[in-house]
Each structure stands twice: as structure tokens, then as C-alpha cells.
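Chemist: Here you go, query-v7.txt (compact mmCIF, C-alpha atoms and all ligand atoms):
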```txt
# COMPACT_ATOMS: atom_id res chain seq x y z
CA MET A 912 -49.52 -58.58 177.01
CA ASN A 913 -47.07 -56.73 174.79
CA ILE A 914 -44.70 -54.37 176.58
CA HIS A 915 -43.18 -51.53 174.64
CA LEU A 916 -39.92 -49.74 175.19
CA ASN A 917 -39.31 -46.59 173.12
CA GLY A 918 -42.17 -47.71 170.88
CA ILE A 919 -40.63 -51.15 170.28
CA ASP A 920 -42.38 -54.33 171.43
CA ILE A 921 -39.85 -56.07 173.71
CA SER A 922 -40.90 -59.49 172.43
CA SER A 923 -39.82 -58.51 168.93
CA LEU A 924 -36.23 -57.61 169.91
CA PRO A 925 -33.74 -60.20 168.64
CA LYS A 926 -32.40 -62.32 171.50
CA ILE A 927 -29.93 -65.08 172.36
CA ASP A 928 -30.54 -67.70 175.08
CA LEU A 929 -27.36 -69.52 176.06
CA HIS A 930 -28.58 -71.14 179.25
CA VAL A 931 -31.79 -73.14 179.11
CA HIS A 932 -32.26 -76.59 180.63
CA LEU A 933 -34.26 -79.16 178.67
CA ASP A 934 -35.87 -80.70 181.75
CA GLY A 935 -36.80 -77.26 183.12
CA SER A 936 -38.70 -76.36 179.96
CA LEU A 937 -41.75 -78.62 179.87
CA ARG A 938 -45.20 -77.27 179.09
CA PRO A 939 -48.25 -78.63 180.95
CA GLN A 940 -49.80 -79.93 177.72
CA THR A 941 -46.61 -81.84 176.92
CA VAL A 942 -46.61 -83.36 180.41
CA LEU A 943 -50.22 -84.46 179.93
CA ASP A 944 -49.40 -86.11 176.60
CA LEU A 945 -46.20 -87.75 177.82
CA ALA A 946 -47.81 -89.00 181.05
CA GLU A 947 -50.41 -90.75 178.97
CA SER A 948 -47.92 -92.33 176.59
CA HIS A 949 -45.57 -93.32 179.45
CA GLY A 950 -48.44 -94.72 181.53
CA VAL A 951 -47.58 -92.40 184.44
CA GLN A 952 -50.38 -91.39 186.80
CA LEU A 953 -50.63 -87.59 187.31
CA PRO A 954 -51.93 -85.91 190.48
CA THR A 955 -54.24 -83.82 188.28
CA THR A 956 -55.11 -83.47 184.62
CA ASP A 957 -56.00 -79.80 184.97
CA LYS A 958 -53.30 -77.79 183.19
CA HIS A 959 -53.41 -74.93 185.64
CA ALA A 960 -53.23 -77.22 188.67
CA LEU A 961 -50.36 -79.13 187.01
CA LEU A 962 -48.32 -75.95 186.95
CA SER A 963 -48.11 -75.90 190.74
CA HIS A 964 -46.25 -79.24 190.56
CA MET A 965 -43.92 -78.02 187.82
CA GLN A 966 -43.14 -74.47 188.91
CA VAL A 967 -41.53 -72.92 191.97
CA ASN A 968 -43.54 -70.37 193.93
CA GLU A 969 -42.55 -67.34 196.05
CA ASP A 970 -41.65 -69.61 198.96
CA CYS A 971 -38.66 -71.10 197.15
CA SER A 972 -35.87 -70.68 199.70
CA SER A 973 -32.74 -72.06 198.04
CA LEU A 974 -31.25 -73.78 195.01
CA GLN A 975 -31.86 -77.14 196.73
CA ASP A 976 -35.53 -76.27 197.10
CA TYR A 977 -35.63 -75.16 193.45
CA LEU A 978 -33.97 -78.38 192.24
CA SER A 979 -36.59 -80.52 194.01
CA LYS A 980 -39.04 -79.46 191.26
CA PHE A 981 -37.13 -81.45 188.66
CA HIS A 982 -38.13 -84.83 190.12
CA PHE A 983 -41.63 -84.28 188.83
CA THR A 984 -40.69 -83.79 185.18
CA THR A 985 -37.71 -86.14 184.81
CA ARG A 986 -40.07 -89.13 184.73
CA PHE A 987 -41.53 -87.96 181.43
CA LEU A 988 -38.18 -87.56 179.69
CA GLN A 989 -37.11 -91.18 179.36
CA THR A 990 -37.81 -92.04 175.74
CA ALA A 991 -36.51 -91.06 172.33
CA ILE A 992 -39.85 -89.55 171.38
CA ALA A 993 -40.13 -87.46 174.54
CA LEU A 994 -36.58 -86.08 174.29
CA GLU A 995 -36.93 -85.22 170.63
CA ARG A 996 -40.29 -83.55 171.18
CA VAL A 997 -39.27 -81.43 174.16
CA ALA A 998 -36.07 -80.28 172.43
CA PHE A 999 -38.13 -79.30 169.39
CA GLU A 1000 -40.65 -77.42 171.51
CA ILE A 1001 -37.89 -75.35 173.12
CA VAL A 1002 -36.83 -74.15 169.68
CA GLU A 1003 -40.46 -73.45 168.82
CA LYS A 1004 -40.86 -71.26 171.91
CA ALA A 1005 -37.50 -69.55 171.31
CA ASN A 1006 -38.78 -68.55 167.90
CA ARG A 1007 -41.89 -66.97 169.41
CA HIS A 1008 -39.62 -64.79 171.54
CA HIS A 1009 -37.41 -63.85 168.61
CA CYS A 1010 -34.37 -65.77 169.76
CA LYS A 1011 -31.87 -66.08 166.93
CA TYR A 1012 -29.64 -68.63 168.60
CA ILE A 1013 -30.07 -70.91 171.61
CA GLU A 1014 -27.98 -73.45 173.50
CA ILE A 1015 -30.02 -76.13 175.28
CA ARG A 1016 -28.43 -78.10 178.09
CA PHE A 1017 -29.40 -81.48 179.46
CA ALA A 1018 -27.89 -84.15 181.70
CA PRO A 1019 -27.84 -87.40 179.67
CA GLN A 1020 -27.60 -89.56 182.81
CA LEU A 1021 -30.99 -88.30 184.04
CA HIS A 1022 -32.77 -89.70 181.00
CA ARG A 1023 -31.74 -93.35 181.18
CA GLU A 1024 -34.37 -94.81 183.53
CA ARG A 1025 -35.94 -96.77 180.69
CA GLY A 1026 -32.75 -98.09 179.22
CA LEU A 1027 -31.50 -95.42 176.79
CA TYR A 1028 -27.71 -95.25 176.39
CA THR A 1029 -25.92 -91.95 177.10
CA GLU A 1030 -25.19 -91.46 173.42
CA GLU A 1031 -28.80 -92.15 172.47
CA VAL A 1032 -29.99 -89.41 174.81
CA ILE A 1033 -27.65 -86.94 173.13
CA HIS A 1034 -28.66 -88.17 169.70
CA TYR A 1035 -32.41 -87.67 170.24
CA VAL A 1036 -32.08 -84.26 171.87
CA LEU A 1037 -29.93 -83.07 168.96
CA ALA A 1038 -32.46 -84.53 166.51
CA GLY A 1039 -35.22 -82.41 168.10
CA LEU A 1040 -33.04 -79.31 167.96
CA LYS A 1041 -32.26 -79.92 164.33
CA ARG A 1042 -35.93 -80.36 163.43
CA GLY A 1043 -36.70 -77.11 165.26
CA GLU A 1044 -33.85 -75.34 163.51
CA GLN A 1045 -35.10 -76.48 160.11
CA GLN A 1046 -38.69 -75.52 160.82
CA PHE A 1047 -38.15 -72.15 162.51
CA GLY A 1048 -34.73 -70.98 161.38
CA VAL A 1049 -33.55 -70.52 164.97
CA ARG A 1050 -30.03 -71.92 165.28
CA ALA A 1051 -29.95 -74.40 168.18
CA ARG A 1052 -27.05 -76.30 169.78
CA GLY A 1053 -26.75 -78.68 172.74
CA ILE A 1054 -24.65 -78.73 175.92
CA ALA A 1055 -24.22 -82.01 177.85
CA ILE A 1056 -24.32 -81.66 181.64
CA CYS A 1057 -22.39 -83.58 184.28
CA MET A 1058 -24.30 -83.64 187.57
CA ARG A 1059 -22.66 -82.78 190.88
CA HIS A 1060 -24.34 -85.66 192.72
CA HIS A 1061 -23.39 -88.28 190.11
CA ASP A 1062 -20.31 -90.45 190.53
CA HIS A 1063 -17.06 -90.16 188.65
CA GLN A 1064 -17.86 -92.91 186.22
CA GLN A 1065 -21.27 -91.50 185.29
CA ASN A 1066 -19.75 -88.10 184.58
CA MET A 1067 -16.79 -89.53 182.65
CA GLU A 1068 -19.29 -91.35 180.49
CA VAL A 1069 -20.95 -88.02 179.66
CA ILE A 1070 -17.62 -86.47 178.63
CA HIS A 1071 -16.81 -89.48 176.52
CA ALA A 1072 -20.21 -89.51 174.79
CA ALA A 1073 -20.12 -85.73 174.33
CA SER A 1074 -16.79 -85.96 172.51
CA LYS A 1075 -18.50 -87.96 169.78
CA TYR A 1076 -21.07 -85.26 169.14
CA ILE A 1077 -18.87 -82.17 169.19
CA GLY A 1078 -19.21 -80.55 165.78
CA LYS A 1079 -22.47 -82.46 165.23
CA GLY A 1080 -24.80 -80.21 167.18
CA LEU A 1081 -23.23 -80.47 170.62
CA VAL A 1082 -20.98 -77.57 171.55
CA ALA A 1083 -19.87 -77.91 175.19
CA VAL A 1084 -20.16 -79.62 178.57
CA ASP A 1085 -21.37 -78.20 181.88
CA LEU A 1086 -21.60 -79.01 185.60
CA ALA A 1087 -24.96 -78.49 187.35
CA GLY A 1088 -26.84 -79.49 190.49
CA ASP A 1089 -26.34 -78.78 194.18
CA GLU A 1090 -23.42 -76.34 194.29
CA ALA A 1091 -23.52 -75.85 198.06
CA SER A 1092 -22.92 -79.57 198.74
CA TYR A 1093 -20.46 -80.36 195.95
CA PRO A 1094 -17.67 -77.80 195.37
CA PRO A 1095 -16.12 -77.60 191.90
CA GLU A 1096 -12.69 -78.90 192.94
CA LEU A 1097 -14.23 -82.40 193.19
CA PHE A 1098 -14.54 -82.38 189.40
CA ARG A 1099 -11.03 -81.47 188.26
CA GLU A 1100 -10.37 -84.85 186.68
CA ILE A 1101 -13.69 -84.83 184.84
CA PHE A 1102 -13.00 -81.50 183.18
CA ALA A 1103 -9.34 -82.34 182.56
CA ALA A 1104 -10.77 -85.15 180.44
CA SER A 1105 -12.96 -82.72 178.51
CA HIS A 1106 -9.94 -80.44 178.04
CA ARG A 1107 -7.94 -83.34 176.56
CA ARG A 1108 -10.74 -83.85 174.06
CA ASP A 1109 -10.95 -80.12 173.24
CA ILE A 1110 -14.54 -79.81 174.48
CA PRO A 1111 -15.47 -76.30 175.61
CA VAL A 1112 -16.62 -75.96 179.22
CA THR A 1113 -19.15 -73.83 181.09
CA ILE A 1114 -19.74 -74.37 184.81
CA HIS A 1115 -22.61 -73.37 187.12
CA ALA A 1116 -20.73 -71.37 189.79
CA GLY A 1117 -21.30 -68.50 192.20
CA GLU A 1118 -25.01 -69.27 192.37
CA ALA A 1119 -25.52 -71.24 195.61
CA ALA A 1120 -21.96 -70.73 196.92
CA GLY A 1121 -19.35 -67.99 196.94
CA ALA A 1122 -17.17 -66.39 194.28
CA ALA A 1123 -14.25 -68.74 195.01
CA ASN A 1124 -16.13 -71.35 192.96
CA ILE A 1125 -15.99 -69.03 189.95
CA HIS A 1126 -12.24 -68.80 190.33
CA GLU A 1127 -11.93 -72.57 190.65
CA ALA A 1128 -14.15 -73.14 187.60
CA VAL A 1129 -12.09 -70.80 185.42
CA SER A 1130 -8.62 -71.59 186.73
CA ASN A 1131 -8.84 -75.32 187.37
CA LEU A 1132 -11.81 -76.68 185.43
CA GLY A 1133 -11.05 -74.70 182.27
CA ALA A 1134 -14.44 -72.95 182.08
CA THR A 1135 -14.59 -70.28 179.41
CA ARG A 1136 -18.09 -69.26 180.51
CA ILE A 1137 -19.80 -69.26 183.91
CA GLY A 1138 -23.41 -70.23 184.62
CA HIS A 1139 -24.92 -67.44 186.74
CA GLY A 1140 -21.83 -66.08 188.57
CA VAL A 1141 -24.17 -63.84 190.56
CA ARG A 1142 -22.01 -63.90 193.68
CA LEU A 1143 -18.96 -62.54 191.89
CA GLN A 1144 -19.47 -59.22 193.71
CA GLU A 1145 -18.31 -60.87 196.94
CA ALA A 1146 -14.69 -61.04 195.73
CA PRO A 1147 -13.25 -57.90 194.06
CA GLU A 1148 -10.05 -59.61 192.87
CA ILE A 1149 -12.01 -62.37 191.12
CA MET A 1150 -14.27 -59.72 189.63
CA ASP A 1151 -11.18 -57.94 188.23
CA MET A 1152 -9.96 -61.18 186.67
CA MET A 1153 -13.36 -61.81 185.06
CA ILE A 1154 -13.42 -58.28 183.61
CA ALA A 1155 -9.83 -58.47 182.37
CA ARG A 1156 -10.43 -61.85 180.72
CA GLN A 1157 -13.94 -60.97 179.51
CA ILE A 1158 -15.27 -64.34 180.60
CA PRO A 1159 -19.02 -64.36 179.92
CA LEU A 1160 -21.54 -64.77 182.75
CA GLU A 1161 -24.76 -66.55 181.82
CA MET A 1162 -27.07 -64.65 184.15
CA CYS A 1163 -30.69 -65.79 184.59
CA PRO A 1164 -32.48 -63.05 186.54
CA VAL A 1165 -35.83 -64.72 187.37
CA SER A 1166 -34.17 -67.99 188.42
CA ASN A 1167 -31.45 -66.17 190.38
CA ILE A 1168 -34.06 -64.47 192.57
CA GLN A 1169 -35.99 -67.74 193.08
CA THR A 1170 -32.90 -69.73 194.14
CA LYS A 1171 -31.88 -66.85 196.45
CA ALA A 1172 -28.52 -66.34 194.75
CA VAL A 1173 -29.31 -62.83 196.04
CA SER A 1174 -32.12 -62.09 198.47
CA ASN A 1175 -34.14 -59.61 196.39
CA TRP A 1176 -34.25 -57.54 193.21
CA GLU A 1177 -32.73 -54.51 194.95
CA SER A 1178 -29.52 -56.43 195.50
CA TYR A 1179 -29.42 -58.13 192.09
CA PRO A 1180 -26.12 -56.84 190.63
CA ILE A 1181 -26.87 -56.95 186.91
CA ARG A 1182 -26.75 -53.20 186.27
CA ASP A 1183 -23.55 -52.87 188.27
CA TYR A 1184 -21.94 -55.81 186.42
CA PHE A 1185 -22.96 -54.35 183.05
CA GLU A 1186 -21.49 -50.97 183.91
CA ARG A 1187 -18.23 -52.42 185.19
CA GLY A 1188 -17.71 -53.97 181.76
CA LEU A 1189 -18.28 -57.62 182.65
CA MET A 1190 -19.33 -59.73 179.66
CA ILE A 1191 -22.86 -60.43 180.89
CA THR A 1192 -25.50 -62.37 179.00
CA VAL A 1193 -29.16 -62.82 179.96
CA ASN A 1194 -30.90 -66.19 179.73
CA THR A 1195 -33.93 -68.12 180.99
CA ASP A 1196 -32.40 -71.13 182.87
CA ASN A 1197 -35.70 -73.05 183.22
CA PRO A 1198 -38.69 -71.42 181.52
CA GLY A 1199 -41.05 -74.11 182.88
CA VAL A 1200 -39.80 -74.33 186.47
CA SER A 1201 -39.22 -70.58 186.75
CA GLY A 1202 -42.29 -69.48 184.79
CA THR A 1203 -40.24 -67.24 182.54
CA SER A 1204 -39.36 -66.46 178.92
CA MET A 1205 -36.71 -64.36 177.20
CA THR A 1206 -39.28 -61.59 176.75
CA LYS A 1207 -40.02 -61.59 180.49
CA GLU A 1208 -36.30 -61.45 181.33
CA TYR A 1209 -35.80 -58.49 178.99
CA ARG A 1210 -38.88 -56.77 180.40
CA ILE A 1211 -37.46 -57.07 183.92
CA LEU A 1212 -34.17 -55.61 182.74
CA ALA A 1213 -36.02 -52.66 181.24
CA GLU A 1214 -38.52 -52.08 184.03
CA ARG A 1215 -36.44 -52.80 187.12
CA PHE A 1216 -32.98 -51.86 185.96
CA GLY A 1217 -33.63 -49.20 183.32
CA PHE A 1218 -31.96 -51.04 180.44
CA THR A 1219 -32.60 -49.18 177.17
CA THR A 1220 -33.28 -50.88 173.83
CA SER A 1221 -29.71 -50.18 172.83
CA GLU A 1222 -28.41 -51.76 176.06
CA LEU A 1223 -30.66 -54.80 175.53
CA GLY A 1224 -29.14 -54.94 172.05
CA GLN A 1225 -25.69 -54.95 173.62
CA ILE A 1226 -26.74 -57.85 175.88
CA ALA A 1227 -27.89 -59.82 172.83
CA MET A 1228 -24.60 -59.04 171.07
CA ASN A 1229 -22.77 -60.31 174.16
CA GLY A 1230 -24.79 -63.52 173.82
CA ALA A 1231 -23.63 -63.92 170.22
CA HIS A 1232 -20.06 -63.15 171.27
CA ALA A 1233 -20.21 -65.79 174.04
CA ALA A 1234 -21.85 -68.46 171.85
CA PHE A 1235 -20.00 -71.77 171.62
CA LEU A 1236 -19.98 -71.51 167.82
CA GLU A 1237 -17.15 -71.66 165.35
CA GLU A 1238 -15.73 -68.23 164.54
CA SER A 1239 -17.24 -68.06 161.04
CA GLU A 1240 -20.71 -69.04 162.30
CA LYS A 1241 -20.38 -66.59 165.17
CA ALA A 1242 -19.42 -63.77 162.82
CA LYS A 1243 -22.48 -64.55 160.70
CA LEU A 1244 -24.75 -64.53 163.76
CA LYS A 1245 -23.34 -61.19 164.91
CA ARG A 1246 -23.80 -59.69 161.46
CA GLU A 1247 -27.42 -60.84 161.29
CA LEU A 1248 -28.14 -59.50 164.75
CA ARG A 1249 -26.60 -56.13 163.95
CA GLU A 1250 -28.68 -55.90 160.78
CA GLU A 1251 -31.88 -56.72 162.67
CA PHE A 1252 -31.18 -54.12 165.30
CA ALA A 1253 -30.36 -51.58 162.61
CA SER A 1254 -33.70 -52.29 160.90
CA LEU A 1255 -35.41 -51.52 164.24
CA GLY A 1256 -33.43 -48.27 164.44
CA ILE A 1257 -31.33 -49.53 167.36
CA SER A 1258 -27.56 -49.12 167.29
CA VAL A 1259 -25.56 -51.77 169.11
O1 LIG B 1 -29.84 -73.05 188.18
C1 LIG B 1 -29.46 -74.22 188.29
N1 LIG B 1 -28.37 -74.50 189.04
C2 LIG B 1 -27.88 -75.76 189.21
N2 LIG B 1 -28.46 -76.83 188.66
C3 LIG B 1 -29.57 -76.62 187.90
C4 LIG B 1 -30.11 -75.35 187.70
N3 LIG B 1 -31.22 -75.49 186.93
C5 LIG B 1 -31.34 -76.81 186.67
N4 LIG B 1 -30.36 -77.50 187.27
C6 LIG B 1 -30.15 -78.95 187.28
O2 LIG B 1 -29.70 -79.37 186.01
C7 LIG B 1 -30.32 -80.61 185.71
C8 LIG B 1 -30.20 -80.94 184.25
O3 LIG B 1 -30.84 -79.98 183.45
C9 LIG B 1 -31.72 -80.45 186.27
O4 LIG B 1 -32.34 -81.70 186.46
C10 LIG B 1 -31.43 -79.74 187.58
O5 LIG B 1 -31.12 -80.70 188.58
ZN ZN B 2 -28.76 -73.63 184.97
```
Please go through the file and, once you have read it, give me the structure as C-alpha cells.
Ligand SMILES: O=c1[nH]cnc2c1ncn2[C@@H]1O[C@H](CO)[C@@H](O)[C@H]1O
Ligand SMILES: [Zn+2]
Modeler:
Amino acid sequence: MNIHLNGIDISSLPKIDLHVHLDGSLRPQTVLDLAESHGVQLPTTDKHALLSHMQVNEDCSSLQDYLSKFHFTTRFLQTAIALERVAFEIVEKANRHHCKYIEIRFAPQLHRERGLYTEEVIHYVLAGLKRGEQQFGVRARGIAICMRHHDHQQNMEVIHAASKYIGKGLVAVDLAGDEASYPPELFREIFAASHRRDIPVTIHAGEAAGAANIHEAVSNLGATRIGHGVRLQEAPEIMDMMIARQIPLEMCPVSNIQTKAVSNWESYPIRDYFERGLMITVNTDNPGVSGTSMTKEYRILAERFGFTTSELGQIAMNGAHAAFLEESEKAKLKRELREEFASLGISV
């Protein structure tokens, strides 16, 4: 169904998705194909019924509950072919939703059950992104994730492997997983190592634990962007710092409600954050697990929070501004976005 805002189809607005997980983006048909090629038995071969294994429902009570969904799909992402294909399909879908630039994140250590090396995982994901970029013209970059429940050596290996791909399609490193059980201060050494190698950092923080984690991520882990950051409103002084430093928040509305970062839409602070002048961006997190798309996220912003086309344009411009791209590439992306908005009669 196409939803219009001021006569403009929301799906056709140019968009940027900076926060999308590879393993949270599988389509049922892809799972069917990969299960067959991997020799994995599925509980059902009905696409609709498969969705209930892949997606969260309204009962999702926490981030931990949400993360339990990933066990189902990880099994299918253990080969070069699978990684390349799924990365490519994310770019394909991004194109359908008029994304101009996307950053896809993945945790290399989760894709080694069948013997791939860390660097091979990165290599094949980037290969899929590149093929997608060439076919659809959507610029696509990768972010390598360290997992909170992995040990020091596993995460150091990710930083080390990532350093070899910076400038070759990989743009940053991240920390994801169970925030409530593993506070960010446990990972200072890991991100000091990424800092020594000049690798940009974004950290999932203020999603399943309080705003202090946002402060820790920025001040001690060197994050120049924050994944989610929804709970920033709990600490006014940290909020002031984030506004003053214009550190981008990668907000993911549908996912944030499902993981109970806030209890309901009425208390979702996105309009307030936008009006305070925080550098907010809007992203999908896990289109498969969350059952979302960039168009759906924009529609929610318009319908629930009254965002106008011009404000949605501003959000997309924020996405370009926050992109982990070189300055010249970023300037080009911003210019192209501005031109597209102008051709739609939208000033940003
Ligand atoms: O919103 C989130 N918060 C924290 N961790 C997440 C979120 N979404 C996905 N993952 C975790 O990141 C891993 C690699 O992509 C996924 O397997 C999942 O465990
Ligand atoms: Zn995430």
C-alpha cells in the first residue's frame, strides 16, 4: 500500500539507513533456499509460517527476548555464498525503498561455524554489498560488530581484521548484544585498539540500559555515533553534551518499541529529540526480525509524530551527515540528496 504525505508517496522519498544488521535482514524465501543448500531441516516450508520463527511478535518483552530470534537465522549464514547473497539482497531491498546510502553491520564471529576465517566473513559480505552497489547504484558500506558476550580475544580479532578492510568497503566497528548484562566499560581495551588503528566507532547504548552507557560509549570508547540512544532523556546533562557535540543517534523506531527501550509509542521521544536539536537519524535495525522497512519507519514518523516531508528530508540529510564516509564522498551524497528533494519540491 502506498502512503502519501502532501501528495508525495513516502516510499519514493530519498532515504539513508545507517543501522541495519545483516543477520536480522533475511527473507523467508532466502531461508528456504539456504536451508536446502546447507542441509538444515526447517520446522516448516510454508513462507508465512516461517515468518513466525524469524520475527518478533507483540509479546516481545525485552532486548534479550528480541535477540533470541537471531539463533534461528544464524545457522544459514555460515558460507561465502550465503553471506554474499544476503548482503546483496539488503542492497536490493534498500533500492526498492529509495535508500541512497546504507551501512550494513554484521558480527564476523557469528558466521564461523563452518570454518570461515574472520577476514573471509568480512570479504564475502563486502563482495555482496559491492555487487548490489554496482547493480542498483545504492552506495553500501559495512560495519564489523564486536559482540558483548564474546571474549576479549574474539573481539580483538574483529578489530584486527576490520583494520585490513577500512577504506575497502568497511567503514567502522560497533558493539552489539545484551546491553543489560554487559556494560560498555568492559570493552575499553577493545575500542582503544580500534582507536589506535583509526577505525571509527559506533556503539549500541541507551537501548536496554540507562543513559550512563551513552556517556561511557562517547567518553571512553571513542564512539562518534550511538546506536539507538533512546534512553538519553533520563539524563539531562548527557543530553546537553550530545546536543553540544552533535553526536548522531541511530534511532530505530519499530525495533525500539519491540525491545521495550520505551514502553509504548506515546513515550517514544523522537519528536522531542528532533526539536531539541539532537542529530537524530532513522534506521531499520533488523527489517526481517522487526518486520519493518525504511518506508514503514518514515510512515510511522509521519503518522504518529507528525513529521512533514521537509522534516523527513532533514532526517535523511542528518543520515548523510552522520555517514562514515570520507568528506568528499559525503559532500557528494549530500548534494545528490538535496537535488532529489528539490526535484520533489521539498526544501531541506
Ligand atoms: O538492537 C539491537 N541491540 C543489540 N544487539 C542487536 C540488536 N539487533 C541485533 N543485535 C545483535 O547483533 C548481532 C549481529 O548483527 C545479532 O546477531 C544480534 O545478536
Ligand atoms: Zn542494532
Chemist: Just the number, please: distance in Å from atom CA of Leu1097 of chain A to atom CA of Ala1073 of chain A, one decimal.
Modeler: 20.0 Å
Chemist: Excluding segment 1110-1118 of chain A and any residue of its chain fewer than 6 positions from it, enumerate the residues within 8 Å of it, using all atoms listed in the file, and give them as a short mmCIF file (atom, residue, chain, number, x, y, z; two decimals) with C-alpha atoms, in the coordinates of the input.
Modeler:
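This is the output file out-v9.cif:
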```cif
data_model
loop_
_atom_site.label_atom_id
_atom_site.label_comp_id
_atom_site.auth_asym_id
_atom_site.auth_seq_id
_atom_site.Cartn_x
_atom_site.Cartn_y
_atom_site.Cartn_z
CA SER A 1074 -16.79 -85.96 172.51
CA ILE A 1077 -18.87 -82.17 169.19
CA VAL A 1082 -20.98 -77.57 171.55
CA ALA A 1083 -19.87 -77.91 175.19
CA VAL A 1084 -20.16 -79.62 178.57
CA ASP A 1085 -21.37 -78.20 181.88
CA LEU A 1086 -21.60 -79.01 185.60
CA ALA A 1087 -24.96 -78.49 187.35
CA GLU A 1090 -23.42 -76.34 194.29
CA PHE A 1102 -13.00 -81.50 183.18
CA ASN A 1124 -16.13 -71.35 192.96
CA ILE A 1125 -15.99 -69.03 189.95
CA ALA A 1128 -14.15 -73.14 187.60
CA LEU A 1132 -11.81 -76.68 185.43
CA GLY A 1133 -11.05 -74.70 182.27
CA ALA A 1134 -14.44 -72.95 182.08
CA THR A 1135 -14.59 -70.28 179.41
CA ARG A 1136 -18.09 -69.26 180.51
CA ILE A 1137 -19.80 -69.26 183.91
CA GLY A 1138 -23.41 -70.23 184.62
CA HIS A 1139 -24.92 -67.44 186.74
CA GLY A 1140 -21.83 -66.08 188.57
CA VAL A 1141 -24.17 -63.84 190.56
CA ARG A 1142 -22.01 -63.90 193.68
CA LEU A 1143 -18.96 -62.54 191.89
CA ASN A 1167 -31.45 -66.17 190.38
CA ALA A 1172 -28.52 -66.34 194.75
CA PHE A 1235 -20.00 -71.77 171.62
#
```
Chemist: Ligand ZN 2 (chain B): which residues are within 12 Å, counting all atoms listed in the file? Reply as a PyMOL selection string.
Modeler: chain A and resi 928-936+974+977-978+1014-1018+1054-1058+1085-1090+1113-1119+1137-1140+1160-1167+1170+1193-1198+1200-1201
Chemist: If I take atom CA of Glu1251 of chain A and atom CA of Pro925 of chain A, how far is one from the other in Å, to one decimal?
Modeler: 7.2 Å
Chemist: Please indicate the distance in Å from atom CA of Phe981 of chain A to atom CA of Val1069 of chain A, rounded to one decimal place.
Modeler: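 Taking atom CA of Phe981 of chain A as the start and atom CA of Val1069 of chain A as the end point, the length is 19.6 Å.
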Chemist: From the set A:Tyr1093, A:Phe1047, A:Phe999, A:Tyr1012, which residue has the shortest atom-to-atom contact distance to ligand LIG 1 (chain B), counting all atoms listed in the file?
Modeler: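 Closest to ligand LIG 1 (chain B) of all the choices is A:Tyr1093.
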Chemist: Do a neighbour search on Ser923 of chain A at 10 Å with all atoms listed in the file, toss out local chain neighbours closer than 4 positions, and write the hits as a short mmCIF file (atom, residue, chain, number, x, y, z; two decimals) with C-alpha atoms, in the coordinates of the input.
Modeler:
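So the final result, stored in part_19.cif, reads:
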```cif
data_model
loop_
_atom_site.label_atom_id
_atom_site.label_comp_id
_atom_site.auth_asym_id
_atom_site.auth_seq_id
_atom_site.Cartn_x
_atom_site.Cartn_y
_atom_site.Cartn_z
CA ASN A 913 -47.07 -56.73 174.79
CA ILE A 914 -44.70 -54.37 176.58
CA HIS A 915 -43.18 -51.53 174.64
CA ILE A 919 -40.63 -51.15 170.28
CA ARG A 1007 -41.89 -66.97 169.41
CA HIS A 1008 -39.62 -64.79 171.54
CA HIS A 1009 -37.41 -63.85 168.61
CA CYS A 1010 -34.37 -65.77 169.76
CA THR A 1206 -39.28 -61.59 176.75
CA LEU A 1255 -35.41 -51.52 164.24
#
```
Chemist: Restricting the calculation to all atoms listed in the file: of A:Leu1081, A:Ala1123, A:Ile927, A:Leu1248, which residue gets closest to Glu1096 of chain A?
Modeler: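 Under the stated criterion, the closest residue is A:Ala1123.
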Chemist: Could you check the closest approach to Pro1159 of chain A for each of A:Leu1223, A:Ala1233, A:Ala993, A:Leu945 and tell me which residue wins, using all atoms listed in the file?
Modeler: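 Between A:Leu1223, A:Ala1233, A:Ala993, A:Leu945, the residue approaching Pro1159 of chain A most closely is A:Ala1233.
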Chemist: Might you pull out every residue within 12 Å of Asn917 of chain A, with all atoms listed in the file counted and same-chain residues fewer than 5 positions away left off, and present them as a PDB file with C-alpha atoms, in the coordinates of the input?
Modeler:
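As a result, out.pdb now contains:
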```pdb
ATOM      1  CA  LEU A 924     -36.230 -57.610 169.910  1.00  0.00           C
ATOM      2  CA  ALA A1213     -36.020 -52.660 181.240  1.00  0.00           C
ATOM      3  CA  GLY A1217     -33.630 -49.200 183.320  1.00  0.00           C
ATOM      4  CA  PHE A1218     -31.960 -51.040 180.440  1.00  0.00           C
ATOM      5  CA  THR A1219     -32.600 -49.180 177.170  1.00  0.00           C
ATOM      6  CA  THR A1220     -33.280 -50.880 173.830  1.00  0.00           C
ATOM      7  CA  SER A1221     -29.710 -50.180 172.830  1.00  0.00           C
ATOM      8  CA  LEU A1255     -35.410 -51.520 164.240  1.00  0.00           C
ATOM      9  CA  GLY A1256     -33.430 -48.270 164.440  1.00  0.00           C
ATOM     10  CA  ILE A1257     -31.330 -49.530 167.360  1.00  0.00           C
TER      11      ILE A1257
END
```
Chemist: Could you complete segment 951-963 of chain A so that it carries N, CA and C atoms, and give it back as a short mmCIF file (atom, residue, chain, number, x, y, z; two decimals), keeping the file's coordinate frame?
Modeler:
```cif
data_model
loop_
_atom_site.label_atom_id
_atom_site.label_comp_id
_atom_site.auth_asym_id
_atom_site.auth_seq_id
_atom_site.Cartn_x
_atom_site.Cartn_y
_atom_site.Cartn_z
N VAL A 951 -47.85 -92.95 183.10
CA VAL A 951 -47.58 -92.40 184.44
C VAL A 951 -48.83 -91.69 184.94
N GLN A 952 -49.20 -92.00 186.19
CA GLN A 952 -50.38 -91.39 186.80
C GLN A 952 -50.04 -89.95 187.25
N LEU A 953 -50.88 -88.98 186.89
CA LEU A 953 -50.63 -87.59 187.31
C LEU A 953 -51.53 -87.23 188.49
N PRO A 954 -51.08 -86.31 189.35
CA PRO A 954 -51.93 -85.91 190.48
C PRO A 954 -53.17 -85.14 190.01
N THR A 955 -53.10 -84.56 188.82
CA THR A 955 -54.24 -83.82 188.28
C THR A 955 -54.10 -83.77 186.76
N THR A 956 -55.21 -83.64 186.07
CA THR A 956 -55.11 -83.47 184.62
C THR A 956 -55.51 -82.04 184.23
N ASP A 957 -55.70 -81.20 185.22
CA ASP A 957 -56.00 -79.80 184.97
C ASP A 957 -54.68 -79.06 184.73
N LYS A 958 -54.59 -78.40 183.57
CA LYS A 958 -53.30 -77.79 183.19
C LYS A 958 -52.83 -76.76 184.21
N HIS A 959 -53.78 -75.98 184.69
CA HIS A 959 -53.41 -74.93 185.64
C HIS A 959 -52.90 -75.54 186.94
N ALA A 960 -53.63 -76.57 187.42
CA ALA A 960 -53.23 -77.22 188.67
C ALA A 960 -51.89 -77.95 188.50
N LEU A 961 -51.64 -78.45 187.28
CA LEU A 961 -50.36 -79.13 187.01
C LEU A 961 -49.19 -78.19 187.22
N LEU A 962 -49.40 -76.94 186.84
CA LEU A 962 -48.32 -75.95 186.95
C LEU A 962 -47.75 -75.86 188.36
N SER A 963 -48.61 -76.03 189.37
CA SER A 963 -48.11 -75.90 190.74
C SER A 963 -47.14 -77.04 191.08
#
```
